[in-house]
Structures are given as structure tokens and as C-alpha cells.
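Below is start_37.txt, which holds compact mmCIF, C-alpha atoms and all ligand atoms.
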```txt
# COMPACT_ATOMS: atom_id res chain seq x y z
CA MET A 1 48.91 15.09 184.59
CA LYS A 2 48.10 11.40 184.30
CA LYS A 3 44.71 10.30 183.12
CA ASP A 4 43.73 8.55 186.33
CA PHE A 5 45.14 11.22 188.63
CA ILE A 6 42.54 12.31 191.19
CA PRO A 7 43.07 15.92 192.34
CA TYR A 8 42.10 16.93 195.90
CA GLY A 9 39.59 19.39 194.47
CA ARG A 10 38.40 20.75 191.18
CA HIS A 11 35.77 22.95 189.60
CA GLN A 12 32.64 21.68 187.87
CA ILE A 13 31.42 23.54 184.79
CA SER A 14 27.94 22.84 183.42
CA GLU A 15 26.48 23.64 180.00
CA GLU A 16 24.44 26.41 181.68
CA ASP A 17 27.64 27.91 183.08
CA ILE A 18 29.17 28.00 179.61
CA GLN A 19 26.03 29.53 178.11
CA SER A 20 25.93 32.17 180.81
CA VAL A 21 29.49 33.29 180.00
CA VAL A 22 28.84 33.15 176.26
CA ASN A 23 25.78 35.36 176.68
CA THR A 24 27.89 37.93 178.46
CA LEU A 25 30.59 37.71 175.78
CA LYS A 26 27.96 38.50 173.18
CA SER A 27 26.48 41.39 175.16
CA SER A 28 27.48 45.04 175.07
CA HIS A 29 29.46 44.92 178.34
CA ILE A 30 32.06 42.37 179.38
CA THR A 31 33.52 44.23 182.36
CA GLN A 32 31.14 46.62 184.09
CA GLY A 33 27.69 45.69 182.85
CA SER A 34 24.78 44.17 184.75
CA SER A 35 26.27 40.78 185.74
CA VAL A 36 28.35 41.96 188.70
CA PRO A 37 25.45 43.83 190.37
CA GLU A 38 23.18 40.87 189.70
CA PHE A 39 25.70 38.43 191.18
CA GLU A 40 25.97 40.69 194.23
CA LYS A 41 22.19 40.83 194.63
CA ASN A 42 21.94 37.04 194.42
CA ILE A 43 24.78 36.47 196.89
CA SER A 44 23.06 38.77 199.39
CA LYS A 45 19.80 36.93 198.90
CA LYS A 46 21.49 33.57 199.36
CA VAL A 47 23.42 34.44 202.52
CA SER A 48 20.93 36.95 204.01
CA SER A 49 23.23 39.97 204.04
CA LYS A 50 22.18 43.52 203.22
CA TYR A 51 25.15 44.14 200.95
CA SER A 52 27.58 42.15 198.82
CA ILE A 53 30.61 43.63 197.10
CA CYS A 54 32.32 41.48 194.49
CA VAL A 55 36.04 41.81 193.85
CA ASN A 56 38.69 39.96 191.86
CA SER A 57 39.72 37.61 194.70
CA ALA A 58 39.15 36.82 198.35
CA THR A 59 42.64 38.14 198.96
CA SER A 60 41.48 41.54 197.66
CA ALA A 61 38.29 41.27 199.74
CA LEU A 62 40.34 40.63 202.89
CA HIS A 63 42.60 43.59 202.11
CA LEU A 64 39.67 45.94 201.53
CA ALA A 65 37.84 44.58 204.58
CA CYS A 66 40.83 45.52 206.75
CA LEU A 67 40.96 48.98 205.15
CA ALA A 68 37.22 49.50 205.62
CA LEU A 69 37.70 48.73 209.33
CA GLU A 70 40.51 51.30 209.34
CA VAL A 71 43.31 48.86 210.08
CA SER A 72 46.59 50.76 209.78
CA LYS A 73 50.09 51.12 211.17
CA GLY A 74 50.21 50.55 214.90
CA ASP A 75 47.16 48.26 214.86
CA ILE A 76 47.18 44.54 215.63
CA VAL A 77 45.21 41.88 213.73
CA TRP A 78 44.76 38.29 214.88
CA THR A 79 43.90 35.21 212.86
CA THR A 80 44.66 31.49 213.09
CA PRO A 81 47.89 29.90 211.79
CA ILE A 82 46.15 27.02 209.98
CA SER A 83 44.88 28.98 207.01
CA PHE A 84 45.95 30.21 203.61
CA VAL A 85 48.54 32.99 203.94
CA ALA A 86 46.05 35.58 202.63
CA SER A 87 44.21 35.51 206.00
CA ALA A 88 47.28 37.06 207.61
CA ASN A 89 48.83 39.01 204.73
CA CYS A 90 45.84 41.38 204.59
CA ALA A 91 46.89 42.90 207.92
CA LEU A 92 50.47 43.36 206.70
CA TYR A 93 49.24 45.14 203.53
CA CYS A 94 47.77 47.78 205.85
CA GLY A 95 50.97 48.16 207.85
CA ALA A 96 49.47 46.44 210.89
CA LYS A 97 51.02 43.72 213.03
CA ILE A 98 49.79 40.13 212.77
CA ASP A 99 49.49 37.58 215.55
CA PHE A 100 47.94 34.13 215.72
CA VAL A 101 45.51 32.35 218.03
CA ASP A 102 46.03 28.60 218.29
CA ILE A 103 43.52 26.12 216.91
CA ASN A 104 41.84 23.00 218.17
CA PRO A 105 43.65 20.26 216.18
CA LEU A 106 40.52 18.08 216.15
CA SER A 107 38.42 20.69 214.33
CA GLY A 108 41.12 22.87 212.71
CA LEU A 109 39.15 25.89 213.95
CA VAL A 110 40.13 28.59 216.42
CA ASN A 111 40.15 27.34 219.99
CA VAL A 112 37.90 29.97 221.58
CA ASP A 113 39.29 29.23 225.05
CA ASN A 114 42.73 30.13 223.71
CA LEU A 115 41.28 33.28 222.18
CA GLU A 116 39.78 34.33 225.49
CA PHE A 117 43.01 33.58 227.35
CA LYS A 118 45.09 35.52 224.82
CA LEU A 119 42.70 38.50 225.03
CA GLU A 120 43.01 38.50 228.81
CA GLU A 121 46.82 38.56 228.46
CA ALA A 122 46.68 41.23 225.76
CA ILE A 123 44.53 43.61 227.78
CA LYS A 124 47.16 43.62 230.54
CA LYS A 125 49.86 44.59 228.03
CA ASN A 126 47.61 47.07 226.22
CA LYS A 127 48.02 45.02 223.03
CA LEU A 128 44.44 44.13 222.14
CA PRO A 129 43.73 43.40 218.46
CA LYS A 130 41.67 45.80 216.37
CA VAL A 131 40.38 42.94 214.22
CA PHE A 132 40.14 39.19 214.62
CA ILE A 133 39.78 37.05 211.49
CA PRO A 134 38.26 33.63 212.29
CA VAL A 135 38.75 31.12 209.47
CA HIS A 136 35.94 28.66 208.68
CA LEU A 137 38.36 25.89 207.73
CA ALA A 138 37.02 23.24 205.34
CA GLY A 139 33.67 25.07 205.26
CA THR A 140 32.89 24.57 208.95
CA SER A 141 31.90 27.74 210.78
CA CYS A 142 33.77 28.71 213.92
CA ASP A 143 31.72 29.29 217.08
CA MET A 144 30.71 32.80 216.05
CA GLU A 145 28.37 33.57 218.94
CA ARG A 146 31.15 33.08 221.49
CA ILE A 147 33.63 35.03 219.37
CA TYR A 148 31.09 37.83 218.97
CA ASP A 149 30.56 38.02 222.74
CA LEU A 150 34.32 38.33 223.21
CA SER A 151 34.47 41.07 220.56
CA LYS A 152 31.95 43.11 222.56
CA LYS A 153 33.82 42.54 225.82
CA TYR A 154 37.28 43.37 224.44
CA GLY A 155 36.33 45.84 221.71
CA PHE A 156 37.58 44.31 218.47
CA SER A 157 35.91 43.89 215.07
CA ILE A 158 35.42 40.60 213.23
CA ILE A 159 36.10 39.68 209.60
CA GLU A 160 35.02 36.11 208.86
CA ASP A 161 37.32 34.40 206.36
CA ALA A 162 34.62 32.22 204.82
CA SER A 163 36.62 31.50 201.67
CA HIS A 164 35.70 27.82 202.17
CA ALA A 165 32.25 28.24 203.58
CA ILE A 166 29.65 29.62 201.18
CA GLY A 167 26.55 27.43 201.44
CA GLY A 168 27.23 26.47 205.05
CA THR A 169 25.20 27.52 208.08
CA TYR A 170 25.84 28.35 211.74
CA LYS A 171 22.98 27.88 214.21
CA GLY A 172 20.60 27.73 211.28
CA LYS A 173 21.79 31.00 209.73
CA PRO A 174 23.75 31.16 206.46
CA VAL A 175 27.46 31.90 206.72
CA GLY A 176 27.80 35.43 205.34
CA CYS A 177 24.73 36.90 207.09
CA CYS A 178 27.13 38.89 209.30
CA ASP A 179 24.99 38.55 212.43
CA TYR A 180 28.24 38.02 214.34
CA SER A 181 30.74 40.01 212.28
CA SER A 182 31.32 43.29 210.47
CA ILE A 183 32.30 41.63 207.19
CA THR A 184 32.38 38.11 205.73
CA VAL A 185 34.69 37.19 202.85
CA PHE A 186 34.13 34.46 200.23
CA SER A 187 36.47 33.09 197.55
CA PHE A 188 35.39 31.93 194.10
CA HIS A 189 38.72 30.43 193.11
CA PRO A 190 38.15 27.22 191.07
CA VAL A 191 38.99 24.84 193.93
CA LYS A 192 36.46 26.48 196.25
CA ILE A 193 32.74 25.68 196.60
CA ILE A 194 31.59 27.71 193.59
CA THR A 195 33.79 29.56 191.16
CA SER A 196 34.02 32.64 189.00
CA ALA A 197 37.46 31.51 187.80
CA GLU A 198 39.13 33.91 190.31
CA GLY A 199 36.95 36.21 192.30
CA GLY A 200 35.72 36.98 195.75
CA ALA A 201 33.06 38.84 197.67
CA ALA A 202 32.63 40.69 200.92
CA THR A 203 29.23 40.75 202.60
CA THR A 204 28.14 43.22 205.29
CA ASN A 205 25.03 44.77 206.83
CA ASP A 206 26.69 48.14 207.39
CA SER A 207 25.93 50.69 204.66
CA LYS A 208 29.02 52.78 205.39
CA ILE A 209 31.32 49.76 205.16
CA ALA A 210 29.60 48.73 201.93
CA GLU A 211 30.11 52.18 200.39
CA ASN A 212 33.72 52.17 201.45
CA LEU A 213 34.38 48.72 199.97
CA LYS A 214 32.77 49.76 196.68
CA MET A 215 34.94 52.84 196.37
CA LEU A 216 38.14 51.09 197.42
CA ARG A 217 37.76 48.36 194.81
CA SER A 218 37.75 51.00 192.08
CA HIS A 219 40.61 53.43 192.83
CA GLY A 220 38.74 55.25 195.63
CA ILE A 221 36.55 56.81 192.96
CA THR A 222 32.85 57.64 193.20
CA LYS A 223 30.60 58.64 190.33
CA GLU A 224 27.55 59.16 192.54
CA GLU A 225 26.58 62.82 192.67
CA ASN A 226 25.14 62.70 196.18
CA LYS A 227 28.55 61.60 197.50
CA PHE A 228 30.63 64.31 195.85
CA ILE A 229 32.81 66.41 198.14
CA SER A 230 33.44 69.15 195.57
CA LYS A 231 31.21 70.73 192.95
CA LYS A 232 30.18 68.67 189.95
CA LEU A 233 31.95 70.34 187.04
CA GLY A 234 30.22 68.54 184.18
CA SER A 235 28.54 65.34 183.24
CA TRP A 236 31.98 63.68 182.93
CA TYR A 237 32.66 64.39 186.59
CA TYR A 238 33.85 61.83 189.15
CA GLU A 239 35.91 62.12 192.28
CA GLN A 240 38.76 60.13 193.75
CA GLN A 241 38.26 60.47 197.48
CA SER A 242 40.69 57.88 198.86
CA LEU A 243 43.58 55.72 197.68
CA GLY A 244 41.86 52.65 196.29
CA PHE A 245 42.80 49.88 193.87
CA ASN A 246 41.58 48.17 190.75
CA TYR A 247 40.16 45.11 192.50
CA ARG A 248 36.99 44.88 190.38
CA MET A 249 35.39 41.64 189.30
CA ASN A 250 34.42 41.62 185.62
CA ASP A 251 31.11 40.58 184.06
CA LEU A 252 32.53 37.38 182.55
CA GLN A 253 33.52 36.20 186.00
CA ALA A 254 30.21 37.31 187.51
CA SER A 255 28.16 35.53 184.84
CA LEU A 256 29.98 32.27 185.64
CA GLY A 257 29.52 32.90 189.36
CA LEU A 258 25.81 33.68 188.90
CA SER A 259 25.23 30.42 187.09
CA GLN A 260 27.22 28.42 189.67
CA LEU A 261 25.41 30.06 192.57
CA LYS A 262 22.15 28.54 191.32
CA ARG A 263 23.60 25.08 192.04
CA LEU A 264 25.09 25.99 195.43
CA ASP A 265 22.70 23.91 197.54
CA ILE A 266 23.10 20.86 195.30
CA ILE A 267 26.89 21.18 195.33
CA VAL A 268 27.05 21.48 199.13
CA LYS A 269 24.71 18.54 199.57
CA GLU A 270 26.86 16.41 197.26
CA ARG A 271 30.00 17.42 199.16
CA ASN A 272 28.36 16.36 202.43
CA ARG A 273 27.30 13.07 200.86
CA GLN A 274 30.86 12.33 199.70
CA LEU A 275 32.28 13.16 203.13
CA ASN A 276 29.77 10.85 204.80
CA PHE A 277 30.70 8.07 202.38
CA TYR A 278 34.38 8.55 203.26
CA LYS A 279 33.52 8.43 206.96
CA LYS A 280 31.75 5.14 206.41
CA ILE A 281 34.48 3.43 204.37
CA PHE A 282 37.32 4.73 206.56
CA SER A 283 35.58 3.78 209.81
CA GLU A 284 37.79 0.75 210.44
CA LEU A 285 41.06 2.62 209.88
CA PRO A 286 43.06 4.39 212.64
CA VAL A 287 42.14 7.85 211.35
CA SER A 288 39.53 10.48 212.12
CA PHE A 289 37.89 13.26 210.15
CA LEU A 290 37.75 16.82 211.44
CA ASP A 291 35.03 17.46 214.02
CA THR A 292 32.00 19.44 212.95
CA PRO A 293 30.15 21.08 215.86
CA PRO A 294 26.47 20.04 216.13
CA PHE A 295 25.21 23.59 215.41
CA VAL A 296 27.09 23.82 212.09
CA TYR A 297 26.16 22.64 208.60
CA SER A 298 29.51 22.55 206.82
CA SER A 299 29.87 23.30 203.13
CA VAL A 300 32.62 20.62 203.18
CA HIS A 301 35.19 22.42 201.10
CA LEU A 302 37.75 19.81 202.14
CA ALA A 303 37.80 16.24 203.46
CA ILE A 304 40.57 16.50 206.05
CA ILE A 305 41.83 13.29 207.65
CA ARG A 306 43.89 13.07 210.80
CA LEU A 307 46.11 10.10 211.58
CA ASN A 308 45.50 8.67 215.06
CA ASN A 309 48.36 8.45 217.58
CA GLN A 310 49.36 4.89 216.78
CA VAL A 311 50.02 5.68 213.09
CA SER A 312 50.93 9.39 213.16
CA ASN A 313 54.60 8.48 212.56
CA LYS A 314 53.53 7.18 209.13
CA TYR A 315 52.38 10.63 207.99
CA PHE A 316 55.19 11.25 205.51
CA ASP A 317 54.94 7.76 203.97
CA VAL A 318 51.16 7.92 203.64
CA PHE A 319 51.27 11.40 202.11
CA GLU A 320 54.01 10.64 199.57
CA GLY A 321 52.57 7.19 198.90
CA LEU A 322 49.20 8.67 197.95
CA ILE A 323 50.86 11.22 195.66
CA ASN A 324 52.89 8.42 194.04
CA SER A 325 49.62 6.53 193.51
CA ASP A 326 48.17 9.52 191.62
CA ILE A 327 45.96 10.63 194.47
CA GLY A 328 46.20 14.37 194.95
CA VAL A 329 46.41 14.93 198.66
CA GLN A 330 47.35 18.25 200.21
CA LEU A 331 48.16 19.79 203.60
CA HIS A 332 45.67 22.56 204.37
CA TYR A 333 47.67 24.22 205.83
CA PHE A 334 51.31 24.47 206.78
CA PRO A 335 51.25 26.95 209.72
CA ILE A 336 51.51 30.45 208.26
CA TYR A 337 54.24 31.48 210.73
CA ARG A 338 56.51 28.70 209.37
CA ASN A 339 56.78 30.32 205.92
CA PRO A 340 60.19 31.90 205.24
CA PHE A 341 58.59 35.34 204.84
CA TYR A 342 57.16 35.08 208.37
CA LYS A 343 60.50 34.10 209.96
CA LYS A 344 61.37 37.75 210.61
CA PHE A 345 58.41 38.08 212.99
CA ASN A 346 60.04 35.50 215.28
CA PHE A 347 56.98 33.47 216.16
CA ASN A 348 57.64 30.76 218.71
CA TYR A 349 56.27 27.47 217.35
CA GLN A 350 55.73 26.23 220.90
CA ASP A 351 53.07 28.87 221.38
CA PHE A 352 50.88 26.91 218.93
CA PRO A 353 50.80 23.27 220.04
CA GLY A 354 47.41 22.76 218.36
CA ALA A 355 48.62 23.99 214.98
CA GLU A 356 51.87 22.04 215.25
CA ASP A 357 50.05 18.83 216.10
CA TYR A 358 47.51 19.40 213.33
CA ALA A 359 50.12 20.06 210.63
CA ALA A 360 52.12 16.97 211.59
CA ARG A 361 49.33 14.50 210.85
CA SER A 362 46.48 16.00 208.80
CA LEU A 363 45.87 15.81 205.08
CA SER A 364 43.07 16.59 202.63
CA ILE A 365 41.93 13.72 200.45
CA PRO A 366 40.05 14.24 197.15
CA LEU A 367 36.51 15.62 197.37
CA PHE A 368 34.67 17.54 194.63
CA PRO A 369 31.45 17.30 192.60
CA GLY A 370 32.02 14.61 189.99
CA LEU A 371 34.23 12.37 192.18
CA SER A 372 32.88 8.83 191.87
CA SER A 373 32.32 6.28 194.64
CA ASN A 374 34.85 4.04 192.91
CA GLN A 375 37.43 6.77 193.09
CA GLN A 376 36.63 7.26 196.77
CA LEU A 377 37.11 3.52 197.31
CA ARG A 378 40.45 3.68 195.49
CA VAL A 379 41.57 6.45 197.87
CA LYS A 380 40.57 4.32 200.86
CA GLU A 381 42.25 1.14 199.59
CA THR A 382 45.50 2.94 198.79
CA PHE A 383 45.41 4.65 202.18
CA GLU A 384 44.86 1.35 203.95
CA LYS A 385 47.80 -0.30 202.15
CA LEU A 386 50.10 2.58 203.05
CA LEU A 387 49.15 2.39 206.72
CA LYS A 388 50.27 -1.25 206.93
C1 LIG B 1 41.55 30.54 198.93
C2 LIG B 1 41.64 31.26 200.22
C3 LIG B 1 41.87 32.63 200.29
C4 LIG B 1 42.21 33.46 199.09
O1 LIG B 1 41.28 33.32 198.07
P1 LIG B 1 41.59 33.91 196.62
O2 LIG B 1 40.22 34.10 196.05
O3 LIG B 1 42.39 32.88 195.90
O4 LIG B 1 42.33 35.18 196.79
C5 LIG B 1 41.84 33.25 201.52
N1 LIG B 1 41.62 32.55 202.65
C6 LIG B 1 41.41 31.22 202.63
C7 LIG B 1 41.14 30.50 203.90
C8 LIG B 1 41.44 30.53 201.42
O5 LIG B 1 41.29 29.21 201.40
```
I need this file expressed as C-alpha cells, please.
Ligand SMILES: *Cc1c(COP(=O)(O)O)cnc(C)c1O
Amino acid sequence: MKKDFIPYGRHQISEEDIQSVVNTLKSSHITQGSSVPEFEKNISKKVSSKYSICVNSATSALHLACLALEVSKGDIVWTTPISFVASANCALYCGAKIDFVDINPLSGLVNVDNLEFKLEEAIKKNKLPKVFIPVHLAGTSCDMERIYDLSKKYGFSIIEDASHAIGGTYKGKPVGCCDYSSITVFSFHPVKIITSAEGGAATTNDSKIAENLKMLRSHGITKEENKFISKKLGSWYYEQQSLGFNYRMNDLQASLGLSQLKRLDIIVKERNRQLNFYKKIFSELPVSFLDTPPFVYSSVHLAIIRLNNQVSNKYFDVFEGLINSDIGVQLHYFPIYRNPFYKKFNFNYQDFPGAEDYAARSLSIPLFPGLSSNQQLRVKETFEKLLK
């Protein structure tokens, strides 16, 4: 990587973060000590959820969330096509079928009118989804109140894929509070808002779901006497009660996450500041940034730009030109159904005009704590040249 290469996103590690991990390294437990439960307690406090369950990735959290909602063979799960593949793969892990609801290309978020229309069609064919997974793209919450109302009317559960959205709010409430969902999932991968160098969490207010998630992340095993099905045979005793996995987060990861979580508000504020600066310096160019609804405070995981009609044919040149100028742009995301693995499901691209339009002219430009105003200006100047 060149010295003046600007990535689209990167982690920020402070001296306190390093000290926090070192302290854990020097302690008696580096895997299952006190850091994971403490991280969980602090996440719950931050996002106003009753329970938090940390795991080794958001992908694992999505998988376990589907299992905890009893998604299995014969069930249908819906999500949106403009997301990371993990939002859809979790349904397939459980043997369920996956289908997509189109997005609004101006926000990148689920188009709730499309959702309602698709539900109305599905009820006629007896093909309603068991779970819908709205994706808070770029850290901007979907319209959860409307989605929640539809879930009551049509009888499905909601898992929020908030991998991008920790630190954001919806109608004044923190994303993750689960007022409008059964489970919310966060990612702590290094490009996300805060990191544990791989890691994820599921939040919920349902004690049964929380218990289930905890068991499933550790082989389906419980060591708690009051939950035993059979007789306790000795002090060594534990029971495997379901087929779980080793999806645990370790204490090194949690101690990094704990330290990063303390800076969450500052990080999100800085991300919003950088996005607003971009909006100002790009205001004369024929581009727009993704819409943020008025009732949402976005955590601004990504700065996604959309080329206006008159320049959308320059998408390829702009994208490759930025890369060749050492500016790390990225498409978040290529529609999931267009991946070779998804070809066998025979999705019809024409069913998703919003996603198709979005993917043909949107790109993420660099945004992360530590990006300087000069670097932001360099992105804008290069962009401007390439548009000419
Ligand atoms: C990053 C991401 C995931 C997966 O997160 P991991 O922690 O890397 O497993 C899932 N969904 C979305 C929308 C993501 O951006």
C-alpha cells in the first residue's frame, strides 16, 4: 500500500485501547474472564437493551439470531439486496429460503412501500416470511416503526442488521434498544464504527432469546444448575441441550471493544462532522449523498455518493480513476443476488430496480476518524477532475 493511499475506512486505536488489551493479556483469563460480560453490560447500557450477547462476528450473531427465532427448513427470510452477503447467508445456514425487498436508491434503505406491497402479494400465495432483516445501511436506521407495524399485521419477526449503526438513533432512541425488533445485531470488524478486531453482538429485551443465544454461542451447553434437564452428577457437570457452535468472543477482543465503546459518541460525532464537510465541498458537483430521514441520527459508517443523471455514465471512469489516484473507494454493495453463489436461486434483476439503479452509480468515499480536511479536499478535487 502506498504511503499516501487513503482507504475508504479504517480503525483508530488509542493508547487507552492498547493498555486495555495489555491489562487483559497480563490477567489470569484471556478468553472467558470478566471482560466479555463487562463489554456486554456496557453495550446494553449504551443502547438501552436488557441483554447483550457478544460473539466472534456479526455473521455469527445473525446466524444465532435466526436460530433463536427458530428459522429452519421450509421458512422464508427477507432482507434487502444492498447489503453485505452475511445479511442473507444467515437464513441459508438455517436451511431457510431467502428473498429480497427492493430499496430506495436515494437512501439505500428498504423501501417500506415495496415491503408492504410484497407482503400483500405473499399473503395471497401463503408465502409470508418468518423473519425480515432490515439493514441500517451506512449507519442510518430504517423506518422501524412502520416496519414494526407491518410485522404485527403480517406476523413476522424482525432482526435489525445494525452492523453499521452502533451509536445512531431512531426517533430519539438508540439503535439496538429493540423497541421495534426481536434482536439487533452489531459488528465490531475494524472498518465498522468501533472494533474488537473481529466481533459482534446481539441485543434483545427477551430473556428467553437471550438465554438461547448464550447457549448457542457455546456448543448448546449450559453450566447453570437451575437450567439442567437431567440430574447434576457432580461439580464438573454441564449439559449440552442443543446443537450450538463455538462462536464466543474472547476477553482480548472484549477489552479492546470496551475501551473503544467509551469513545463511541465522540467517534460518531466526528463521522457526522466529516460527512457534513464533504456535503459542503461537494455541493457544486452533480452528485448527491444518501438521504438521511429527519427522525434519524446516523452513525455515518460510510459516506456514500450517488452520481446524478447527467454524469451517471461516468461511473466506471470515476471509480477507477479514484482508485488509480490512491483513493480507496468501494461499492457498498453489489446486489447480493448478483453473486455467482446466488445465481442458482434465479432472482430476476428486474424485480429490484432500486437496487440496480443504486449499484450502477453509488460509491463510498473515504471517511474514518483521523481523516484530515486536506485529505477530504484531495478526494473532492480528484473527483471533480474525473467528472470533467
Ligand atoms: C460487516 C457486516 C456484516 C458482517 O460483520 P462481521 O462482523 O464481519 O461478520 C453483516 N452485515 C453487514 C451489513 C455488514 O456490513
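If you look at CA of Asn324 (chain A) and CA of Leu377 (chain A), they are 16.8 Å away from each other.
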Within 7 Å of ligand LIG 1 (chain B) (counting all atoms listed in the file), which residues show up? I'd like them as a PyMOL selection string. chain A and resi 57-60+83-84+86-87+135+137+161-164+187-189+198-200
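Atom pair CA of Leu387 (chain A) / CA of Leu302 (chain A): separated by 21.3 Å.
For the choices A:Gln350, A:Gln241, A:Ser107, A:Ser182, the atom-to-atom distance to Ala202 (chain A) is smallest for A:Ser182 when using all atoms listed in the file.
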Using all atoms listed in the file, which residues of region 253-359 of chain A come within 12 Å of region 114-123 of chain A, and what is the closest atom pair for each, with the distance in Å to one decimal? Give it as JSON lines, sorted by chain and residue number.
```
{"residue": "A:Asp351", "atom": "CA", "partner": "A:Asn114", "partner_atom": "CA", "distance": 10.7}
{"residue": "A:Phe352", "atom": "CA", "partner": "A:Asn114", "partner_atom": "CA", "distance": 10.0}
{"residue": "A:Pro353", "atom": "CA", "partner": "A:Asn114", "partner_atom": "CA", "distance": 11.2}
{"residue": "A:Gly354", "atom": "CA", "partner": "A:Asn114", "partner_atom": "CA", "distance": 10.2}
```
With distances taken over only C-alpha atoms, the candidate from A:Gln12, A:Asn276, A:Ser230, A:Gln376 nearest Val191 (chain A) is A:Gln12
Cut-off 12 Å: closest region 152-246 of chain A/region 125-132 of chain A atom pairs per residue, using all atoms listed in the file, as a tab-separated table:
```
residue	atom	partner	partner_atom	distance
A:Lys152	CA	A:Lys130	CA	11.8
A:Lys153	CA	A:Leu128	CA	11.4
A:Tyr154	CA	A:Leu128	CA	7.6
A:Gly155	CA	A:Lys130	CA	7.6
A:Phe156	CA	A:Lys130	CA	4.8
A:Ser157	CA	A:Val131	CA	4.6
A:Ile158	CA	A:Phe132	CA	5.1
A:Ile159	CA	A:Phe132	CA	6.5
A:Glu160	CA	A:Phe132	CA	8.3
A:Asp161	CA	A:Phe132	CA	10.0
A:Tyr180	CA	A:Phe132	CA	12.0
A:Ser181	CA	A:Phe132	CA	9.7
A:Ser182	CA	A:Val131	CA	9.8
A:Ile183	CA	A:Val131	CA	10.8
A:Thr184	CA	A:Phe132	CA	11.8
```
Return the single residue from A:Ala65, A:Ile133, A:Ile147, A:Val55 that is closest to Val112 (chain A), with distances computed using only C-alpha atoms. A:Ile147
Kindly provide the residues of region 80-196 of chain A that approach region 333-341 of chain A to within 12 Å, each paired with its closest atom pair and their distance in Å to one decimal, based on only C-alpha atoms, listed by chain and increasing number, as JSON lines.
```
{"residue": "A:Thr80", "atom": "CA", "partner": "A:Ile336", "partner_atom": "CA", "distance": 8.4}
{"residue": "A:Pro81", "atom": "CA", "partner": "A:Pro335", "partner_atom": "CA", "distance": 4.9}
{"residue": "A:Ile82", "atom": "CA", "partner": "A:Pro335", "partner_atom": "CA", "distance": 5.1}
{"residue": "A:Ser83", "atom": "CA", "partner": "A:Tyr333", "partner_atom": "CA", "distance": 5.6}
{"residue": "A:Phe84", "atom": "CA", "partner": "A:Tyr333", "partner_atom": "CA", "distance": 6.6}
{"residue": "A:Val85", "atom": "CA", "partner": "A:Ile336", "partner_atom": "CA", "distance": 5.8}
{"residue": "A:Ala86", "atom": "CA", "partner": "A:Ile336", "partner_atom": "CA", "distance": 9.4}
{"residue": "A:Ser87", "atom": "CA", "partner": "A:Ile336", "partner_atom": "CA", "distance": 9.2}
{"residue": "A:Ala88", "atom": "CA", "partner": "A:Ile336", "partner_atom": "CA", "distance": 7.9}
{"residue": "A:Asn89", "atom": "CA", "partner": "A:Ile336", "partner_atom": "CA", "distance": 9.6}
{"residue": "A:Leu92", "atom": "CA", "partner": "A:Phe341", "partner_atom": "CA", "distance": 11.6}
{"residue": "A:Ile98", "atom": "CA", "partner": "A:Tyr337", "partner_atom": "CA", "distance": 9.9}
{"residue": "A:Asp99", "atom": "CA", "partner": "A:Tyr337", "partner_atom": "CA", "distance": 9.1}
{"residue": "A:Phe100", "atom": "CA", "partner": "A:Tyr337", "partner_atom": "CA", "distance": 8.5}
{"residue": "A:Val101", "atom": "CA", "partner": "A:Tyr337", "partner_atom": "CA", "distance": 11.4}
{"residue": "A:Asp102", "atom": "CA", "partner": "A:Pro335", "partner_atom": "CA", "distance": 10.2}
{"residue": "A:Ile103", "atom": "CA", "partner": "A:Pro335", "partner_atom": "CA", "distance": 10.6}
{"residue": "A:Pro105", "atom": "CA", "partner": "A:Tyr333", "partner_atom": "CA", "distance": 11.8}
{"residue": "A:Gly108", "atom": "CA", "partner": "A:Tyr333", "partner_atom": "CA", "distance": 9.6}
{"residue": "A:Leu109", "atom": "CA", "partner": "A:Tyr333", "partner_atom": "CA", "distance": 11.9}
{"residue": "A:Val135", "atom": "CA", "partner": "A:Tyr333", "partner_atom": "CA", "distance": 11.9}
{"residue": "A:Leu137", "atom": "CA", "partner": "A:Tyr333", "partner_atom": "CA", "distance": 9.6}
{"residue": "A:Ala138", "atom": "CA", "partner": "A:Tyr333", "partner_atom": "CA", "distance": 10.7}
```
Take the selection from the previous step and output its residues with C-alpha atoms, as a short mmCIF file (atom, residue, chain, number, x, y, z; two decimals), in the coordinates of the input.
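Result went into result-v6.cif, see below:
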```cif
data_model
loop_
_atom_site.label_atom_id
_atom_site.label_comp_id
_atom_site.auth_asym_id
_atom_site.auth_seq_id
_atom_site.Cartn_x
_atom_site.Cartn_y
_atom_site.Cartn_z
CA THR A 80 44.66 31.49 213.09
CA PRO A 81 47.89 29.90 211.79
CA ILE A 82 46.15 27.02 209.98
CA SER A 83 44.88 28.98 207.01
CA PHE A 84 45.95 30.21 203.61
CA VAL A 85 48.54 32.99 203.94
CA ALA A 86 46.05 35.58 202.63
CA SER A 87 44.21 35.51 206.00
CA ALA A 88 47.28 37.06 207.61
CA ASN A 89 48.83 39.01 204.73
CA LEU A 92 50.47 43.36 206.70
CA ILE A 98 49.79 40.13 212.77
CA ASP A 99 49.49 37.58 215.55
CA PHE A 100 47.94 34.13 215.72
CA VAL A 101 45.51 32.35 218.03
CA ASP A 102 46.03 28.60 218.29
CA ILE A 103 43.52 26.12 216.91
CA PRO A 105 43.65 20.26 216.18
CA GLY A 108 41.12 22.87 212.71
CA LEU A 109 39.15 25.89 213.95
CA VAL A 135 38.75 31.12 209.47
CA LEU A 137 38.36 25.89 207.73
CA ALA A 138 37.02 23.24 205.34
#
```
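All residues of protein, DNA or RNA that reach within 8 Å of Thr292 (chain A), judged by all atoms listed in the file and not counting those fewer than 5 positions away in the chain, are Ser107, Thr140, Tyr297 and Ser298 of chain A.
Note that CA of Ile304 (chain A) and CA of Lys173 (chain A) are 24.0 Å apart.
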